[in-house]
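Here the structure comes first, spelled out in structure tokens, and everything after it is commentary.
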Amino acid sequence: MSNIALNVKPSKLSINKPDDPFIVQRASKDDLPEILAIYNQSIAGKQATANLAPVTCEERMDWFEEHLNSATRPIYIVRADTNNSDDTGFKALSPIVAWGSFSDLYARTAYHISTEISIYLNKSNHGQGLGSALISWMLTQAPSLGIHNVVALIFAHNQPSLGLFRKLGFEQWGYMPKVCDMQGFIADVVMLGKAVASSTETANTIMLDTAMPDATTSATTILDTVTVAKAMSDTNGETL
């Protein structure tokens, strides 16, 4: 597997206004505190994760470094694309407003073609279409990571997240009743899945569009469309 994911350049992630985009890129070693701050926001609501208490950087360091060092299981972060700079010309980074990750669905080697997707949004950025755009963008990256299937594990009571993923083409692949003790209620978990085009299929599509300029929609147009897709409502979509 190539290191394509390790070298991914920042990409525009337009949501509502073309002149007000977000930037999505692979996480770096200094991003863990902001990533966990967003993650910890979601714990009290008992909808987006099975963790019941806030987690610390120390507790998640091994998890974070494993993702940083993997070419096929990245963590992506999203920042507002600003041009703010001080008097010296130094451009300050805007805060992380969302993040998403691909994780092993199962540790056994043969499962390498399938992955679990998770996303989290800062509370102040819900309802902007950001969750839909981030998931859609991550799906376009999956073929280059050797991923054939993307799975989301979502609480059955988290109807907004279920609606978001279903709107993006995910289908129910499994249902696990009464598997999580949320300290106040017992939760069911829904497995949603989506097959994505392989790198070969994607390349063939691009070649086909190049050879047939009159085709209704080019591969580039498809990617532009999914990155600006807007969901009816954004919520954290980690799944557990």
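Each chain in the structure tokens gets a letter, A, B, ..., in the order shown, and its residues are numbered from 1; ligands are numbered from 1 in order too.
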Q: Mind listing the alpha helix (DSSP H) residues of stretch 39-114 of chain A, per DSSP on the backbone, as a ChimeraX atom specification?
A: /A:39-41,57-68
Give me the residues near A:Tyr39 as a PDB file with all heavy atoms, in the first residue's frame, where near means some atom within 12 Å (using only C-alpha atoms) and where sequence neighbours in that chain fewer than 6 positions away do not count.
ATOM      1  N   LEU A  32      -4.220  16.365  18.843  1.00  0.00           N
ATOM      2  CA  LEU A  32      -4.981  15.498  19.740  1.00  0.00           C
ATOM      3  C   LEU A  32      -5.818  16.267  20.765  1.00  0.00           C
ATOM      4  O   LEU A  32      -6.987  15.905  20.982  1.00  0.00           O
ATOM      5  CB  LEU A  32      -4.054  14.506  20.445  1.00  0.00           C
ATOM      6  CG  LEU A  32      -4.741  13.501  21.386  1.00  0.00           C
ATOM      7  CD1 LEU A  32      -5.793  12.690  20.634  1.00  0.00           C
ATOM      8  CD2 LEU A  32      -3.706  12.580  22.029  1.00  0.00           C
ATOM      9  N   PRO A  33      -5.309  17.302  21.451  1.00  0.00           N
ATOM     10  CA  PRO A  33      -6.151  17.995  22.440  1.00  0.00           C
ATOM     11  C   PRO A  33      -7.450  18.542  21.840  1.00  0.00           C
ATOM     12  O   PRO A  33      -8.524  18.405  22.449  1.00  0.00           O
ATOM     13  CB  PRO A  33      -5.240  19.128  22.932  1.00  0.00           C
ATOM     14  CG  PRO A  33      -3.864  18.593  22.758  1.00  0.00           C
ATOM     15  CD  PRO A  33      -3.914  17.815  21.467  1.00  0.00           C
ATOM     16  N   GLY A  45     -24.336  13.412  26.059  1.00  0.00           N
ATOM     17  CA  GLY A  45     -25.593  13.168  25.363  1.00  0.00           C
ATOM     18  C   GLY A  45     -25.936  11.707  25.180  1.00  0.00           C
ATOM     19  O   GLY A  45     -27.077  11.364  24.844  1.00  0.00           O
ATOM     20  N   LYS A  46     -24.970  10.817  25.350  1.00  0.00           N
ATOM     21  CA  LYS A  46     -25.180   9.364  25.252  1.00  0.00           C
ATOM     22  C   LYS A  46     -25.816   8.939  23.925  1.00  0.00           C
ATOM     23  O   LYS A  46     -26.636   8.027  23.873  1.00  0.00           O
ATOM     24  CB  LYS A  46     -26.006   8.852  26.433  1.00  0.00           C
ATOM     25  CG  LYS A  46     -25.325   9.024  27.781  1.00  0.00           C
ATOM     26  CD  LYS A  46     -26.118   8.383  28.914  1.00  0.00           C
ATOM     27  CE  LYS A  46     -25.362   8.510  30.237  1.00  0.00           C
ATOM     28  NZ  LYS A  46     -26.084   7.859  31.356  1.00  0.00           N
ATOM     29  N   GLN A  47     -25.425   9.622  22.859  1.00  0.00           N
ATOM     30  CA  GLN A  47     -25.920   9.256  21.529  1.00  0.00           C
ATOM     31  C   GLN A  47     -24.815   8.880  20.559  1.00  0.00           C
ATOM     32  O   GLN A  47     -25.067   8.134  19.612  1.00  0.00           O
ATOM     33  CB  GLN A  47     -26.716  10.422  20.911  1.00  0.00           C
ATOM     34  CG  GLN A  47     -28.073  10.660  21.521  1.00  0.00           C
ATOM     35  CD  GLN A  47     -28.965  11.440  20.585  1.00  0.00           C
ATOM     36  OE1 GLN A  47     -29.629  10.887  19.710  1.00  0.00           O
ATOM     37  NE2 GLN A  47     -28.985  12.744  20.765  1.00  0.00           N
ATOM     38  N   ALA A  48     -23.607   9.398  20.782  1.00  0.00           N
ATOM     39  CA  ALA A  48     -22.573   9.263  19.766  1.00  0.00           C
ATOM     40  C   ALA A  48     -21.428   8.342  20.145  1.00  0.00           C
ATOM     41  O   ALA A  48     -20.632   7.984  19.291  1.00  0.00           O
ATOM     42  CB  ALA A  48     -22.008  10.648  19.416  1.00  0.00           C
ATOM     43  N   THR A  49     -21.314   7.956  21.397  1.00  0.00           N
ATOM     44  CA  THR A  49     -20.217   7.092  21.819  1.00  0.00           C
ATOM     45  C   THR A  49     -20.615   6.286  23.039  1.00  0.00           C
ATOM     46  O   THR A  49     -21.450   6.725  23.843  1.00  0.00           O
ATOM     47  CB  THR A  49     -18.947   7.903  22.127  1.00  0.00           C
ATOM     48  OG1 THR A  49     -17.931   7.039  22.619  1.00  0.00           O
ATOM     49  CG2 THR A  49     -19.221   8.988  23.157  1.00  0.00           C
ATOM     50  N   ALA A  50     -20.008   5.124  23.190  1.00  0.00           N
ATOM     51  CA  ALA A  50     -20.266   4.280  24.353  1.00  0.00           C
ATOM     52  C   ALA A  50     -19.354   4.632  25.518  1.00  0.00           C
ATOM     53  O   ALA A  50     -19.472   4.039  26.592  1.00  0.00           O
ATOM     54  CB  ALA A  50     -20.098   2.805  23.982  1.00  0.00           C
ATOM     55  N   ASN A  51     -18.437   5.582  25.341  1.00  0.00           N
ATOM     56  CA  ASN A  51     -17.692   6.098  26.485  1.00  0.00           C
ATOM     57  C   ASN A  51     -18.652   6.882  27.368  1.00  0.00           C
ATOM     58  O   ASN A  51     -19.443   7.689  26.866  1.00  0.00           O
ATOM     59  CB  ASN A  51     -16.539   7.001  26.033  1.00  0.00           C
ATOM     60  CG  ASN A  51     -15.244   6.239  25.852  1.00  0.00           C
ATOM     61  OD1 ASN A  51     -14.937   5.349  26.632  1.00  0.00           O
ATOM     62  ND2 ASN A  51     -14.493   6.577  24.824  1.00  0.00           N
ATOM     63  N   LEU A  52     -18.540   6.706  28.673  1.00  0.00           N
ATOM     64  CA  LEU A  52     -19.457   7.368  29.592  1.00  0.00           C
ATOM     65  C   LEU A  52     -18.778   8.449  30.416  1.00  0.00           C
ATOM     66  O   LEU A  52     -19.431   9.121  31.215  1.00  0.00           O
ATOM     67  CB  LEU A  52     -20.094   6.323  30.517  1.00  0.00           C
ATOM     68  CG  LEU A  52     -20.912   5.242  29.787  1.00  0.00           C
ATOM     69  CD1 LEU A  52     -21.386   4.184  30.767  1.00  0.00           C
ATOM     70  CD2 LEU A  52     -22.093   5.866  29.050  1.00  0.00           C
ATOM     71  N   ALA A  53     -17.483   8.626  30.258  1.00  0.00           N
ATOM     72  CA  ALA A  53     -16.732   9.662  30.967  1.00  0.00           C
ATOM     73  C   ALA A  53     -15.725  10.273  30.001  1.00  0.00           C
ATOM     74  O   ALA A  53     -15.251   9.605  29.077  1.00  0.00           O
ATOM     75  CB  ALA A  53     -16.019   9.073  32.179  1.00  0.00           C
ATOM     76  N   PRO A  54     -15.381  11.548  30.184  1.00  0.00           N
ATOM     77  CA  PRO A  54     -14.401  12.199  29.299  1.00  0.00           C
ATOM     78  C   PRO A  54     -13.080  11.443  29.283  1.00  0.00           C
ATOM     79  O   PRO A  54     -12.675  10.834  30.271  1.00  0.00           O
ATOM     80  CB  PRO A  54     -14.240  13.590  29.924  1.00  0.00           C
ATOM     81  CG  PRO A  54     -15.517  13.830  30.657  1.00  0.00           C
ATOM     82  CD  PRO A  54     -15.937  12.482  31.180  1.00  0.00           C
ATOM     83  N   VAL A  55     -12.417  11.477  28.130  1.00  0.00           N
ATOM     84  CA  VAL A  55     -11.138  10.793  27.980  1.00  0.00           C
ATOM     85  C   VAL A  55     -10.016  11.825  27.928  1.00  0.00           C
ATOM     86  O   VAL A  55     -10.225  12.983  27.556  1.00  0.00           O
ATOM     87  CB  VAL A  55     -11.115   9.916  26.712  1.00  0.00           C
ATOM     88  CG1 VAL A  55     -12.138   8.812  26.815  1.00  0.00           C
ATOM     89  CG2 VAL A  55     -11.354  10.756  25.461  1.00  0.00           C
ATOM     90  N   THR A  56      -8.816  11.404  28.318  1.00  0.00           N
ATOM     91  CA  THR A  56      -7.659  12.297  28.355  1.00  0.00           C
ATOM     92  C   THR A  56      -6.708  11.999  27.200  1.00  0.00           C
ATOM     93  O   THR A  56      -6.783  10.937  26.570  1.00  0.00           O
ATOM     94  CB  THR A  56      -6.896  12.127  29.674  1.00  0.00           C
ATOM     95  OG1 THR A  56      -6.326  10.803  29.716  1.00  0.00           O
ATOM     96  CG2 THR A  56      -7.822  12.327  30.871  1.00  0.00           C
ATOM     97  N   CYS A  57      -5.812  12.941  26.955  1.00  0.00           N
ATOM     98  CA  CYS A  57      -4.806  12.744  25.904  1.00  0.00           C
ATOM     99  C   CYS A  57      -3.941  11.527  26.221  1.00  0.00           C
ATOM    100  O   CYS A  57      -3.583  10.763  25.314  1.00  0.00           O
ATOM    101  CB  CYS A  57      -3.937  13.985  25.764  1.00  0.00           C
ATOM    102  SG  CYS A  57      -4.786  15.406  25.031  1.00  0.00           S
ATOM    103  N   ARG A  60      -5.654   8.307  25.238  1.00  0.00           N
ATOM    104  CA  ARG A  60      -5.887   8.103  23.812  1.00  0.00           C
ATOM    105  C   ARG A  60      -4.622   8.228  22.966  1.00  0.00           C
ATOM    106  O   ARG A  60      -4.697   8.171  21.734  1.00  0.00           O
ATOM    107  CB  ARG A  60      -6.921   9.119  23.313  1.00  0.00           C
ATOM    108  CG  ARG A  60      -8.281   8.971  23.946  1.00  0.00           C
ATOM    109  CD  ARG A  60      -8.969   7.684  23.534  1.00  0.00           C
ATOM    110  NE  ARG A  60      -9.740   7.864  22.325  1.00  0.00           N
ATOM    111  CZ  ARG A  60     -10.443   6.910  21.739  1.00  0.00           C
ATOM    112  NH1 ARG A  60     -10.445   5.696  22.245  1.00  0.00           N
ATOM    113  NH2 ARG A  60     -11.111   7.144  20.635  1.00  0.00           N
ATOM    114  N   ILE A  96      -9.999  23.551  15.117  1.00  0.00           N
ATOM    115  CA  ILE A  96     -10.615  22.366  14.504  1.00  0.00           C
ATOM    116  C   ILE A  96     -12.103  22.380  14.825  1.00  0.00           C
ATOM    117  O   ILE A  96     -12.501  22.553  15.988  1.00  0.00           O
ATOM    118  CB  ILE A  96      -9.963  21.077  15.036  1.00  0.00           C
ATOM    119  CG1 ILE A  96      -8.478  21.023  14.597  1.00  0.00           C
ATOM    120  CG2 ILE A  96     -10.700  19.833  14.538  1.00  0.00           C
ATOM    121  CD1 ILE A  96      -7.707  19.870  15.206  1.00  0.00           C
ATOM    122  N   VAL A  97     -12.930  22.214  13.813  1.00  0.00           N
ATOM    123  CA  VAL A  97     -14.380  22.250  14.010  1.00  0.00           C
ATOM    124  C   VAL A  97     -15.019  20.874  13.837  1.00  0.00           C
ATOM    125  O   VAL A  97     -16.182  20.672  14.202  1.00  0.00           O
ATOM    126  CB  VAL A  97     -15.052  23.255  13.061  1.00  0.00           C
ATOM    127  CG1 VAL A  97     -14.563  24.668  13.358  1.00  0.00           C
ATOM    128  CG2 VAL A  97     -14.784  22.901  11.603  1.00  0.00           C
ATOM    129  N   ALA A  98     -14.272  19.926  13.270  1.00  0.00           N
ATOM    130  CA  ALA A  98     -14.794  18.573  13.081  1.00  0.00           C
ATOM    131  C   ALA A  98     -13.629  17.648  12.780  1.00  0.00           C
ATOM    132  O   ALA A  98     -12.550  18.092  12.390  1.00  0.00           O
ATOM    133  CB  ALA A  98     -15.808  18.531  11.933  1.00  0.00           C
ATOM    134  N   TRP A  99     -13.858  16.371  12.985  1.00  0.00           N
ATOM    135  CA  TRP A  99     -12.840  15.391  12.588  1.00  0.00           C
ATOM    136  C   TRP A  99     -13.527  14.070  12.273  1.00  0.00           C
ATOM    137  O   TRP A  99     -14.659  13.804  12.697  1.00  0.00           O
ATOM    138  CB  TRP A  99     -11.769  15.210  13.661  1.00  0.00           C
ATOM    139  CG  TRP A  99     -12.221  14.669  14.997  1.00  0.00           C
ATOM    140  CD1 TRP A  99     -12.679  15.393  16.065  1.00  0.00           C
ATOM    141  CD2 TRP A  99     -12.230  13.304  15.422  1.00  0.00           C
ATOM    142  NE1 TRP A  99     -12.976  14.566  17.123  1.00  0.00           N
ATOM    143  CE2 TRP A  99     -12.711  13.278  16.760  1.00  0.00           C
ATOM    144  CE3 TRP A  99     -11.868  12.105  14.814  1.00  0.00           C
ATOM    145  CZ2 TRP A  99     -12.846  12.089  17.488  1.00  0.00           C
ATOM    146  CZ3 TRP A  99     -12.019  10.917  15.533  1.00  0.00           C
ATOM    147  CH2 TRP A  99     -12.495  10.928  16.859  1.00  0.00           C
ATOM    148  N   GLY A 100     -12.823  13.262  11.487  1.00  0.00           N
ATOM    149  CA  GLY A 100     -13.337  11.945  11.132  1.00  0.00           C
ATOM    150  C   GLY A 100     -12.189  10.959  11.033  1.00  0.00           C
ATOM    151  O   GLY A 100     -11.042  11.350  10.823  1.00  0.00           O
ATOM    152  N   SER A 118     -15.961   7.085  11.554  1.00  0.00           N
ATOM    153  CA  SER A 118     -16.451   7.851  12.693  1.00  0.00           C
ATOM    154  C   SER A 118     -16.282   9.334  12.389  1.00  0.00           C
ATOM    155  O   SER A 118     -15.269   9.730  11.813  1.00  0.00           O
ATOM    156  CB  SER A 118     -15.661   7.519  13.960  1.00  0.00           C
ATOM    157  OG  SER A 118     -15.679   6.144  14.242  1.00  0.00           O
ATOM    158  N   ILE A 119     -17.250  10.150  12.772  1.00  0.00           N
ATOM    159  CA  ILE A 119     -17.095  11.597  12.646  1.00  0.00           C
ATOM    160  C   ILE A 119     -17.627  12.279  13.895  1.00  0.00           C
ATOM    161  O   ILE A 119     -18.539  11.774  14.553  1.00  0.00           O
ATOM    162  CB  ILE A 119     -17.802  12.177  11.401  1.00  0.00           C
ATOM    163  CG1 ILE A 119     -19.323  12.071  11.536  1.00  0.00           C
ATOM    164  CG2 ILE A 119     -17.302  11.558  10.126  1.00  0.00           C
ATOM    165  CD1 ILE A 119     -20.078  13.023  10.625  1.00  0.00           C
ATOM    166  N   TYR A 120     -17.034  13.421  14.228  1.00  0.00           N
ATOM    167  CA  TYR A 120     -17.490  14.257  15.340  1.00  0.00           C
ATOM    168  C   TYR A 120     -17.448  15.714  14.922  1.00  0.00           C
ATOM    169  O   TYR A 120     -16.499  16.149  14.266  1.00  0.00           O
ATOM    170  CB  TYR A 120     -16.588  14.064  16.561  1.00  0.00           C
ATOM    171  CG  TYR A 120     -16.810  12.762  17.268  1.00  0.00           C
ATOM    172  CD1 TYR A 120     -15.996  11.666  17.003  1.00  0.00           C
ATOM    173  CD2 TYR A 120     -17.831  12.615  18.190  1.00  0.00           C
ATOM    174  CE1 TYR A 120     -16.196  10.467  17.642  1.00  0.00           C
ATOM    175  CE2 TYR A 120     -18.034  11.410  18.840  1.00  0.00           C
ATOM    176  CZ  TYR A 120     -17.223  10.343  18.564  1.00  0.00           C
ATOM    177  OH  TYR A 120     -17.438   9.144  19.195  1.00  0.00           O
ATOM    178  N   LEU A 121     -18.450  16.471  15.325  1.00  0.00           N
ATOM    179  CA  LEU A 121     -18.528  17.896  15.028  1.00  0.00           C
ATOM    180  C   LEU A 121     -18.552  18.698  16.321  1.00  0.00           C
ATOM    181  O   LEU A 121     -19.178  18.286  17.310  1.00  0.00           O
ATOM    182  CB  LEU A 121     -19.799  18.228  14.241  1.00  0.00           C
ATOM    183  CG  LEU A 121     -19.800  18.068  12.729  1.00  0.00           C
ATOM    184  CD1 LEU A 121     -19.508  16.626  12.328  1.00  0.00           C
ATOM    185  CD2 LEU A 121     -21.138  18.513  12.153  1.00  0.00           C
ATOM    186  N   ASN A 122     -17.888  19.851  16.298  1.00  0.00           N
ATOM    187  CA  ASN A 122     -18.041  20.792  17.390  1.00  0.00           C
ATOM    188  C   ASN A 122     -19.518  21.185  17.486  1.00  0.00           C
ATOM    189  O   ASN A 122     -20.191  21.377  16.470  1.00  0.00           O
ATOM    190  CB  ASN A 122     -17.175  22.032  17.123  1.00  0.00           C
ATOM    191  CG  ASN A 122     -17.148  22.986  18.290  1.00  0.00           C
ATOM    192  OD1 ASN A 122     -18.163  23.579  18.648  1.00  0.00           O
ATOM    193  ND2 ASN A 122     -15.981  23.157  18.872  1.00  0.00           N
ATOM    194  N   LYS A 123     -20.016  21.333  18.704  1.00  0.00           N
ATOM    195  CA  LYS A 123     -21.440  21.619  18.879  1.00  0.00           C
ATOM    196  C   LYS A 123     -21.888  22.851  18.112  1.00  0.00           C
ATOM    197  O   LYS A 123     -23.006  22.903  17.586  1.00  0.00           O
ATOM    198  CB  LYS A 123     -21.753  21.792  20.370  1.00  0.00           C
ATOM    199  CG  LYS A 123     -21.762  20.498  21.160  1.00  0.00           C
ATOM    200  CD  LYS A 123     -22.160  20.747  22.601  1.00  0.00           C
ATOM    201  CE  LYS A 123     -22.233  19.444  23.386  1.00  0.00           C
ATOM    202  NZ  LYS A 123     -22.620  19.671  24.800  1.00  0.00           N
ATOM    203  N   ASN A 236     -23.097  14.250  15.476  1.00  0.00           N
ATOM    204  CA  ASN A 236     -21.907  13.431  15.548  1.00  0.00           C
ATOM    205  C   ASN A 236     -22.239  12.042  15.049  1.00  0.00           C
ATOM    206  O   ASN A 236     -23.250  11.477  15.420  1.00  0.00           O
ATOM    207  CB  ASN A 236     -21.398  13.354  16.984  1.00  0.00           C
ATOM    208  CG  ASN A 236     -20.877  14.690  17.452  1.00  0.00           C
ATOM    209  OD1 ASN A 236     -20.243  15.382  16.693  1.00  0.00           O
ATOM    210  ND2 ASN A 236     -21.157  15.055  18.691  1.00  0.00           N
ATOM    211  N   GLY A 237     -21.351  11.454  14.205  1.00  0.00           N
ATOM    212  CA  GLY A 237     -21.648  10.166  13.666  1.00  0.00           C
ATOM    213  C   GLY A 237     -20.641   9.126  14.059  1.00  0.00           C
ATOM    214  O   GLY A 237     -20.480   8.170  13.361  1.00  0.00           O
ATOM    215  N   GLU A 238     -19.925   9.281  15.128  1.00  0.00           N
ATOM    216  CA  GLU A 238     -18.988   8.219  15.554  1.00  0.00           C
ATOM    217  C   GLU A 238     -19.812   7.133  15.965  1.00  0.00           C
ATOM    218  O   GLU A 238     -20.785   7.254  16.604  1.00  0.00           O
ATOM    219  CB  GLU A 238     -18.160   8.564  16.748  1.00  0.00           C
ATOM    220  CG  GLU A 238     -17.636   7.320  17.419  1.00  0.00           C
ATOM    221  CD  GLU A 238     -16.220   7.057  17.359  1.00  0.00           C
ATOM    222  OE1 GLU A 238     -15.579   7.614  16.572  1.00  0.00           O
ATOM    223  OE2 GLU A 238     -15.769   6.206  18.058  1.00  0.00           O
ATOM    224  N   THR A 239     -19.130   6.448  15.692  1.00  0.00           N
ATOM    225  CA  THR A 239     -19.996   5.473  16.092  1.00  0.00           C
ATOM    226  C   THR A 239     -19.392   4.855  17.207  1.00  0.00           C
ATOM    227  O   THR A 239     -18.642   4.784  17.468  1.00  0.00           O
ATOM    228  CB  THR A 239     -20.254   4.613  14.913  1.00  0.00           C
ATOM    229  OG1 THR A 239     -19.156   4.064  14.530  1.00  0.00           O
ATOM    230  CG2 THR A 239     -21.081   5.321  13.952  1.00  0.00           C
ATOM    231  N   LEU A 240     -19.345   4.753  18.137  1.00  0.00           N
ATOM    232  CA  LEU A 240     -19.211   3.992  19.311  1.00  0.00           C
ATOM    233  C   LEU A 240     -17.822   3.607  19.502  1.00  0.00           C
ATOM    234  O   LEU A 240     -17.285   3.255  20.221  1.00  0.00           O
ATOM    235  CB  LEU A 240     -20.142   2.818  19.329  1.00  0.00           C
ATOM    236  CG  LEU A 240     -21.467   3.064  18.770  1.00  0.00           C
ATOM    237  CD1 LEU A 240     -22.287   1.823  18.719  1.00  0.00           C
ATOM    238  CD2 LEU A 240     -22.244   4.094  19.315  1.00  0.00           C
TER     239      LEU A 240
END
Q | DSSP strand (DSSP E) residues within stretch 10-194 of chain A, as a ChimeraX atom specification | A | /A:11-13,22-26,75-80,96-104,114-121,149-155,171-181,186-194
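The two atoms in question, atom CA of A:Leu168 and atom CA of A:Val189, are spaced 18.9 Å apart.
Here atom CA of A:Val190 and atom CA of A:Ala110 stand 22.9 Å from one another.
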Q: For stretch 67-74 of chain A, list every protein, DNA or RNA residue within 12 Å, evaluated using only C-alpha atoms, and leave out those in the same chain fewer than 3 positions away; present the list as a VMD selection string.
A: chain A and resid 1 to 8 25 to 32 60 to 64 77 99 to 105 112 to 118 138 141 to 148 150
Residues just named, written with C-alpha atoms as a PDB file, in the first residue's frame:
ATOM      1  CA  MET A   1       0.000   0.000   0.000  1.00  0.00           C
ATOM      2  CA  SER A   2       1.328   3.440  -0.897  1.00  0.00           C
ATOM      3  CA  ASN A   3       1.688   6.302   1.548  1.00  0.00           C
ATOM      4  CA  ILE A   4      -0.853   8.385  -0.340  1.00  0.00           C
ATOM      5  CA  ALA A   5      -2.843   9.065   2.848  1.00  0.00           C
ATOM      6  CA  LEU A   6       0.226  10.205   4.761  1.00  0.00           C
ATOM      7  CA  ASN A   7       0.935  12.866   2.146  1.00  0.00           C
ATOM      8  CA  VAL A   8      -2.597  14.075   1.446  1.00  0.00           C
ATOM      9  CA  GLN A  25      -6.515  17.436   5.942  1.00  0.00           C
ATOM     10  CA  ARG A  26      -4.804  14.616   7.764  1.00  0.00           C
ATOM     11  CA  ALA A  27      -4.322  15.174  11.498  1.00  0.00           C
ATOM     12  CA  SER A  28      -0.863  16.040  12.835  1.00  0.00           C
ATOM     13  CA  LYS A  29       0.796  15.236  16.162  1.00  0.00           C
ATOM     14  CA  ASP A  30      -0.333  18.501  17.790  1.00  0.00           C
ATOM     15  CA  ASP A  31      -4.043  18.042  17.059  1.00  0.00           C
ATOM     16  CA  LEU A  32      -4.981  15.498  19.740  1.00  0.00           C
ATOM     17  CA  ARG A  60      -5.887   8.103  23.812  1.00  0.00           C
ATOM     18  CA  MET A  61      -2.247   8.603  22.844  1.00  0.00           C
ATOM     19  CA  ASP A  62      -1.677   5.025  21.648  1.00  0.00           C
ATOM     20  CA  TRP A  63      -4.877   5.178  19.568  1.00  0.00           C
ATOM     21  CA  PHE A  64      -3.833   8.526  18.083  1.00  0.00           C
ATOM     22  CA  ILE A  77      -9.450  17.245  10.702  1.00  0.00           C
ATOM     23  CA  TRP A  99     -12.840  15.391  12.588  1.00  0.00           C
ATOM     24  CA  GLY A 100     -13.337  11.945  11.132  1.00  0.00           C
ATOM     25  CA  SER A 101     -11.445   8.673  11.124  1.00  0.00           C
ATOM     26  CA  PHE A 102     -11.218   5.329   9.408  1.00  0.00           C
ATOM     27  CA  SER A 103     -10.512   2.482  11.839  1.00  0.00           C
ATOM     28  CA  ASP A 104     -10.074  -1.261  11.534  1.00  0.00           C
ATOM     29  CA  LEU A 105     -13.429  -2.986  11.513  1.00  0.00           C
ATOM     30  CA  HIS A 112      -8.273  -4.944   5.665  1.00  0.00           C
ATOM     31  CA  ILE A 113     -10.679  -4.091   2.819  1.00  0.00           C
ATOM     32  CA  SER A 114     -13.366  -2.998   5.301  1.00  0.00           C
ATOM     33  CA  THR A 115     -13.269  -0.124   7.770  1.00  0.00           C
ATOM     34  CA  GLU A 116     -15.346   1.693  10.367  1.00  0.00           C
ATOM     35  CA  ILE A 117     -16.011   5.385   9.828  1.00  0.00           C
ATOM     36  CA  SER A 118     -16.451   7.851  12.693  1.00  0.00           C
ATOM     37  CA  MET A 138     -13.984  10.662   3.191  1.00  0.00           C
ATOM     38  CA  GLN A 141     -10.684   8.988  -0.274  1.00  0.00           C
ATOM     39  CA  ALA A 142     -11.531   5.384   0.609  1.00  0.00           C
ATOM     40  CA  PRO A 143     -10.521   3.728  -2.710  1.00  0.00           C
ATOM     41  CA  SER A 144      -6.966   5.123  -2.501  1.00  0.00           C
ATOM     42  CA  LEU A 145      -6.705   3.599   0.990  1.00  0.00           C
ATOM     43  CA  GLY A 146      -7.584   0.118  -0.260  1.00  0.00           C
ATOM     44  CA  ILE A 147     -11.033   0.306   1.348  1.00  0.00           C
ATOM     45  CA  HIS A 148     -13.921  -1.538  -0.314  1.00  0.00           C
ATOM     46  CA  VAL A 150     -17.285   1.444   4.947  1.00  0.00           C
TER      47      VAL A 150
END
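The two atoms in question, atom CA of A:Phe185 and atom CA of A:Gln172, are spaced 23.0 Å apart.
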